[in-house]
Amino acid sequence: MRLTGVVRVVALLLTLLGTWYVVQTYFDRSWRAISLRSWIGEALPGLWVRLEGGCKGPPQPRHKCGNQKSCPQNHFAFKITSGAANVVGPSICFNDVILMSSVKNNIGRGLNIALVNGTNGQVLKTDTFDMYSGDISKLDTFLQKIKRGTMVLVASYDDAATKMNDKVRAQFEELGSSHVSKLRFRDNWIFLGAKGLKNKSPFEEHIKNDAKTNKYEGWPELLEMEGCAPRKMD
Ligand SMILES: *[C@@H]1O[C@H](CO)[C@@H](O)[C@H](O)[C@H]1NC(C)=O
């Protein structure tokens, strides 16, 4: 009797141990499976979004200029991209119209500038100024002629500073720039300002040409900025 009792207890213990082992292993596996999936989800969010969008997700609404967000009333959507090194040209989109780009064949080395009417968003002019070997007085005259209420969109390409002088820097400051004073050889610069602004423009990015941090050998990473510029209301 005693012996069979011991055998039963041992058998029971072995069964419990076996069950624990199986359950433990199973849950361990499934936990791993779950964590692997969420890890992939974290590592490749773009892929998941694309997969879901491509298979069954609702179509994403398209915003003006291909921007992430739509703009409130009385604002113009814009997107400005600087050039990448001396290889890929810059582009300027305003109110869903590409004003300047390589495809439009109206960009060039130096500064690319588009002028629009800040009240109705109509394009007034686009021009490009070679800042490496061009005549700086051409840009000086162009900036002087800008009328109050005009929005000014600027994108650099390759080099935007070699011919820059204090007079031209002062004119960009008058349009609301805070960074033009620091612009140097092969820096990238994108800017949206306006003639008659009371404050500095919030729409400006500048990255320095620095051999230690440059993405390309002799040039920094390209810049891209999108946003909503308020319509001139008065
Ligand atoms: C902008 O357009 C308005 C008419 O919609 C005109 O009165 C104004 O002078 C224009 N401003 C500029 C700077 O071109």
# chains A, B, ... in the order shown; residues from 1 in each chain; ligands from 1

call {"tool": "residues_near_ligand", "arguments": {"ligand": "ligand 1", "cutoff": "7 Å", "atoms": "only C-alpha atoms and all ligand atoms", "output": "number ranges by chain"}}
result
A: 117-120, 147-150

call {"tool": "write_last_selection", "arguments": {"atoms": "N, CA and C atoms", "output": "tab-separated table (two decimals), in the first residue's frame"}}
result
chain	number	residue	atom	x	y	z
A	117	ASN	N	1.72	86.80	-55.17
A	117	ASN	CA	0.89	87.80	-54.53
A	117	ASN	C	0.35	87.20	-53.22
A	118	GLY	N	0.69	87.83	-52.09
A	118	GLY	CA	0.32	87.30	-50.79
A	118	GLY	C	-1.16	87.38	-50.49
A	119	THR	N	-1.90	88.15	-51.31
A	119	THR	CA	-3.34	88.29	-51.10
A	119	THR	C	-4.11	87.19	-51.83
A	120	ASN	N	-3.78	86.99	-53.11
A	120	ASN	CA	-4.55	86.01	-53.88
A	120	ASN	C	-3.73	84.79	-54.31
A	147	LYS	N	7.35	94.35	-54.33
A	147	LYS	CA	6.36	95.25	-53.71
A	147	LYS	C	5.85	94.68	-52.41
A	148	ARG	N	5.38	95.54	-51.55
A	148	ARG	CA	4.78	95.11	-50.27
A	148	ARG	C	3.64	94.15	-50.53
A	149	GLY	N	3.51	93.15	-49.66
A	149	GLY	CA	2.43	92.17	-49.81
A	149	GLY	C	2.80	91.01	-50.72
A	150	THR	N	4.06	90.97	-51.15
A	150	THR	CA	4.52	89.86	-52.00
A	150	THR	C	5.18	88.80	-51.12

call {"tool": "residues_around", "arguments": {"residues": "A:Phe129", "least_positions_apart": "3", "cutoff": "12 Å", "atoms": "only C-alpha atoms", "output": "PyMOL selection string"}}
result
chain A and resi 106-114+126+132-143+154-164

call {"tool": "select_by_dssp", "arguments": {"residues": "stretch 61-212 of chain A", "states": "strand (DSSP E or B)", "output": "JSON list (two decimals) with N, CA and C atoms, in the first residue's frame"}}
result
[["chain", "number", "residue", "atom", "x", "y", "z"],
["A", 75, "HIS", "N", -5.00, 80.21, -45.71],
["A", 75, "HIS", "CA", -3.58, 79.86, -45.71],
["A", 75, "HIS", "C", -3.25, 79.19, -47.04],
["A", 76, "PHE", "N", -2.03, 79.38, -47.50],
["A", 76, "PHE", "CA", -1.55, 78.73, -48.72],
["A", 76, "PHE", "C", -0.60, 77.60, -48.34],
["A", 77, "ALA", "N", -0.87, 76.39, -48.86],
["A", 77, "ALA", "CA", 0.06, 75.28, -48.66],
["A", 77, "ALA", "C", 1.31, 75.53, -49.49],
["A", 78, "PHE", "N", 2.47, 75.19, -48.90],
["A", 78, "PHE", "CA", 3.70, 75.30, -49.69],
["A", 78, "PHE", "C", 4.64, 74.17, -49.30],
["A", 79, "LYS", "N", 5.54, 73.85, -50.21],
["A", 79, "LYS", "CA", 6.64, 72.93, -49.91],
["A", 79, "LYS", "C", 7.87, 73.40, -50.67],
["A", 80, "ILE", "N", 8.97, 73.57, -49.94],
["A", 80, "ILE", "CA", 10.22, 74.02, -50.57],
["A", 80, "ILE", "C", 11.29, 72.97, -50.28],
["A", 81, "THR", "N", 11.99, 72.53, -51.33],
["A", 81, "THR", "CA", 13.08, 71.57, -51.19],
["A", 81, "THR", "C", 14.34, 72.19, -51.78],
["A", 84, "ALA", "N", 20.15, 68.96, -53.83],
["A", 84, "ALA", "CA", 21.01, 67.98, -53.16],
["A", 84, "ALA", "C", 22.35, 68.01, -53.86],
["A", 88, "VAL", "N", 20.95, 67.06, -57.73],
["A", 88, "VAL", "CA", 19.48, 67.08, -57.84],
["A", 88, "VAL", "C", 18.99, 68.50, -57.57],
["A", 91, "SER", "N", 13.10, 72.35, -55.58],
["A", 91, "SER", "CA", 11.74, 72.56, -56.10],
["A", 91, "SER", "C", 10.94, 73.43, -55.15],
["A", 92, "ILE", "N", 10.03, 74.17, -55.73],
["A", 92, "ILE", "CA", 9.17, 75.07, -54.95],
["A", 92, "ILE", "C", 7.73, 74.83, -55.39],
["A", 93, "CYS", "N", 6.89, 74.42, -54.42],
["A", 93, "CYS", "CA", 5.45, 74.24, -54.69],
["A", 93, "CYS", "C", 4.70, 75.27, -53.85],
["A", 94, "PHE", "N", 3.70, 75.91, -54.45],
["A", 94, "PHE", "CA", 2.89, 76.89, -53.73],
["A", 94, "PHE", "C", 1.44, 76.71, -54.14],
["A", 97, "VAL", "N", 0.73, 74.22, -56.83],
["A", 97, "VAL", "CA", 1.33, 74.39, -58.16],
["A", 97, "VAL", "C", 2.84, 74.37, -58.01],
["A", 98, "ILE", "N", 3.51, 73.55, -58.80],
["A", 98, "ILE", "CA", 4.97, 73.54, -58.77],
["A", 98, "ILE", "C", 5.46, 74.73, -59.58],
["A", 99, "LEU", "N", 6.06, 75.67, -58.88],
["A", 99, "LEU", "CA", 6.49, 76.91, -59.55],
["A", 99, "LEU", "C", 7.87, 76.75, -60.17],
["A", 100, "MET", "N", 8.74, 76.00, -59.48],
["A", 100, "MET", "CA", 10.11, 75.83, -59.97],
["A", 100, "MET", "C", 10.55, 74.38, -59.72],
["A", 110, "GLY", "N", 22.71, 78.23, -57.42],
["A", 110, "GLY", "CA", 22.61, 79.49, -56.68],
["A", 110, "GLY", "C", 21.30, 79.59, -55.94],
["A", 111, "LEU", "N", 20.60, 80.73, -56.11],
["A", 111, "LEU", "CA", 19.32, 80.93, -55.44],
["A", 111, "LEU", "C", 18.19, 80.89, -56.46],
["A", 112, "ASN", "N", 17.15, 80.13, -56.12],
["A", 112, "ASN", "CA", 15.95, 80.03, -56.95],
["A", 112, "ASN", "C", 14.83, 80.71, -56.19],
["A", 113, "ILE", "N", 14.22, 81.71, -56.83],
["A", 113, "ILE", "CA", 13.27, 82.55, -56.10],
["A", 113, "ILE", "C", 11.97, 82.67, -56.87],
["A", 114, "ALA", "N", 10.85, 82.45, -56.15],
["A", 114, "ALA", "CA", 9.52, 82.63, -56.72],
["A", 114, "ALA", "C", 8.80, 83.72, -55.95],
["A", 115, "LEU", "N", 8.12, 84.61, -56.66],
["A", 115, "LEU", "CA", 7.34, 85.67, -56.03],
["A", 115, "LEU", "C", 5.86, 85.41, -56.29],
["A", 116, "VAL", "N", 5.05, 85.49, -55.23],
["A", 116, "VAL", "CA", 3.61, 85.34, -55.40],
["A", 116, "VAL", "C", 2.89, 86.47, -54.67],
["A", 117, "ASN", "N", 1.72, 86.80, -55.17],
["A", 117, "ASN", "CA", 0.89, 87.80, -54.53],
["A", 117, "ASN", "C", 0.35, 87.20, -53.22],
["A", 123, "VAL", "N", 0.98, 83.76, -59.03],
["A", 123, "VAL", "CA", 2.42, 83.80, -59.29],
["A", 123, "VAL", "C", 2.77, 85.09, -60.02],
["A", 124, "LEU", "N", 3.77, 85.78, -59.54],
["A", 124, "LEU", "CA", 4.20, 87.02, -60.19],
["A", 124, "LEU", "C", 5.44, 86.78, -61.04],
["A", 125, "LYS", "N", 6.39, 85.97, -60.52],
["A", 125, "LYS", "CA", 7.67, 85.85, -61.20],
["A", 125, "LYS", "C", 8.47, 84.71, -60.59],
["A", 126, "THR", "N", 9.27, 84.05, -61.42],
["A", 126, "THR", "CA", 10.29, 83.13, -60.89],
["A", 126, "THR", "C", 11.61, 83.48, -61.56],
["A", 127, "ASP", "N", 12.69, 83.32, -60.83],
["A", 127, "ASP", "CA", 14.00, 83.61, -61.43],
["A", 127, "ASP", "C", 15.08, 82.85, -60.66],
["A", 128, "THR", "N", 16.24, 82.71, -61.29],
["A", 128, "THR", "CA", 17.34, 82.00, -60.67],
["A", 128, "THR", "C", 18.60, 82.84, -60.77],
["A", 129, "PHE", "N", 19.38, 82.82, -59.70],
["A", 129, "PHE", "CA", 20.56, 83.70, -59.61],
["A", 129, "PHE", "C", 21.79, 82.88, -59.28],
["A", 150, "THR", "N", 4.06, 90.97, -51.15],
["A", 150, "THR", "CA", 4.52, 89.86, -52.00],
["A", 150, "THR", "C", 5.18, 88.80, -51.12],
["A", 151, "MET", "N", 4.82, 87.54, -51.36],
["A", 151, "MET", "CA", 5.51, 86.43, -50.68],
["A", 151, "MET", "C", 6.70, 86.02, -51.53],
["A", 152, "VAL", "N", 7.78, 85.66, -50.83],
["A", 152, "VAL", "CA", 9.03, 85.33, -51.51],
["A", 152, "VAL", "C", 9.46, 83.93, -51.07],
["A", 153, "LEU", "N", 9.59, 83.01, -52.02],
["A", 153, "LEU", "CA", 9.99, 81.64, -51.71],
["A", 153, "LEU", "C", 11.37, 81.38, -52.30],
["A", 154, "VAL", "N", 12.28, 80.88, -51.46],
["A", 154, "VAL", "CA", 13.69, 80.76, -51.86],
["A", 154, "VAL", "C", 14.21, 79.34, -51.61],
["A", 155, "ALA", "N", 14.93, 78.80, -52.59],
["A", 155, "ALA", "CA", 15.59, 77.49, -52.42],
["A", 155, "ALA", "C", 17.00, 77.55, -52.98],
["A", 156, "SER", "N", 17.97, 77.07, -52.20],
["A", 156, "SER", "CA", 19.36, 77.08, -52.65],
["A", 156, "SER", "C", 19.66, 75.83, -53.47],
["A", 157, "TYR", "N", 20.69, 75.94, -54.31],
["A", 157, "TYR", "CA", 21.15, 74.80, -55.11],
["A", 157, "TYR", "C", 22.66, 74.92, -55.30],
["A", 188, "ASN", "N", 23.04, 74.84, -47.39],
["A", 188, "ASN", "CA", 21.69, 74.80, -47.97],
["A", 188, "ASN", "C", 20.79, 75.75, -47.19],
["A", 189, "TRP", "N", 19.87, 76.37, -47.92],
["A", 189, "TRP", "CA", 18.99, 77.37, -47.31],
["A", 189, "TRP", "C", 17.64, 77.35, -48.01],
["A", 190, "ILE", "N", 16.56, 77.24, -47.23],
["A", 190, "ILE", "CA", 15.22, 77.39, -47.80],
["A", 190, "ILE", "C", 14.45, 78.37, -46.92],
["A", 191, "PHE", "N", 13.59, 79.17, -47.57],
["A", 191, "PHE", "CA", 13.02, 80.31, -46.87],
["A", 191, "PHE", "C", 11.72, 80.74, -47.54],
["A", 192, "LEU", "N", 10.74, 81.07, -46.70],
["A", 192, "LEU", "CA", 9.54, 81.75, -47.23],
["A", 192, "LEU", "C", 9.35, 83.01, -46.39],
["A", 193, "GLY", "N", 9.40, 84.16, -47.05],
["A", 193, "GLY", "CA", 9.21, 85.42, -46.35],
["A", 193, "GLY", "C", 8.25, 86.30, -47.13],
["A", 194, "ALA", "N", 8.15, 87.54, -46.71],
["A", 194, "ALA", "CA", 7.26, 88.47, -47.43],
["A", 194, "ALA", "C", 7.73, 89.89, -47.22],
["A", 204, "GLU", "N", 11.84, 78.96, -42.30],
["A", 204, "GLU", "CA", 13.22, 79.06, -42.77],
["A", 204, "GLU", "C", 14.03, 77.90, -42.21],
["A", 205, "GLU", "N", 14.90, 77.32, -43.05],
["A", 205, "GLU", "CA", 15.83, 76.28, -42.59],
["A", 205, "GLU", "C", 17.18, 76.50, -43.24],
["A", 206, "HIS", "N", 18.21, 76.20, -42.47],
["A", 206, "HIS", "CA", 19.58, 76.43, -42.94],
["A", 206, "HIS", "C", 20.44, 75.29, -42.41],
["A", 207, "ILE", "N", 21.24, 74.70, -43.29],
["A", 207, "ILE", "CA", 22.18, 73.67, -42.83],
["A", 207, "ILE", "C", 23.56, 74.00, -43.37]]

call {"tool": "atom_distance", "arguments": {"atom1": "atom CA of A:Thr213", "atom2": "atom CA of A:Ser178"}}
result
22.3 Å

call {"tool": "select_by_dssp", "arguments": {"residues": "chain A", "states": "helix (DSSP H, G or I)", "output": "PyMOL selection string"}}
result
chain A and resi 2-43+45-55+64-66+136-144+166-174+180-182

call {"tool": "atom_distance", "arguments": {"atom1": "atom CA of A:Ala211", "atom2": "atom CA of A:Lys182"}}
result
17.0 Å
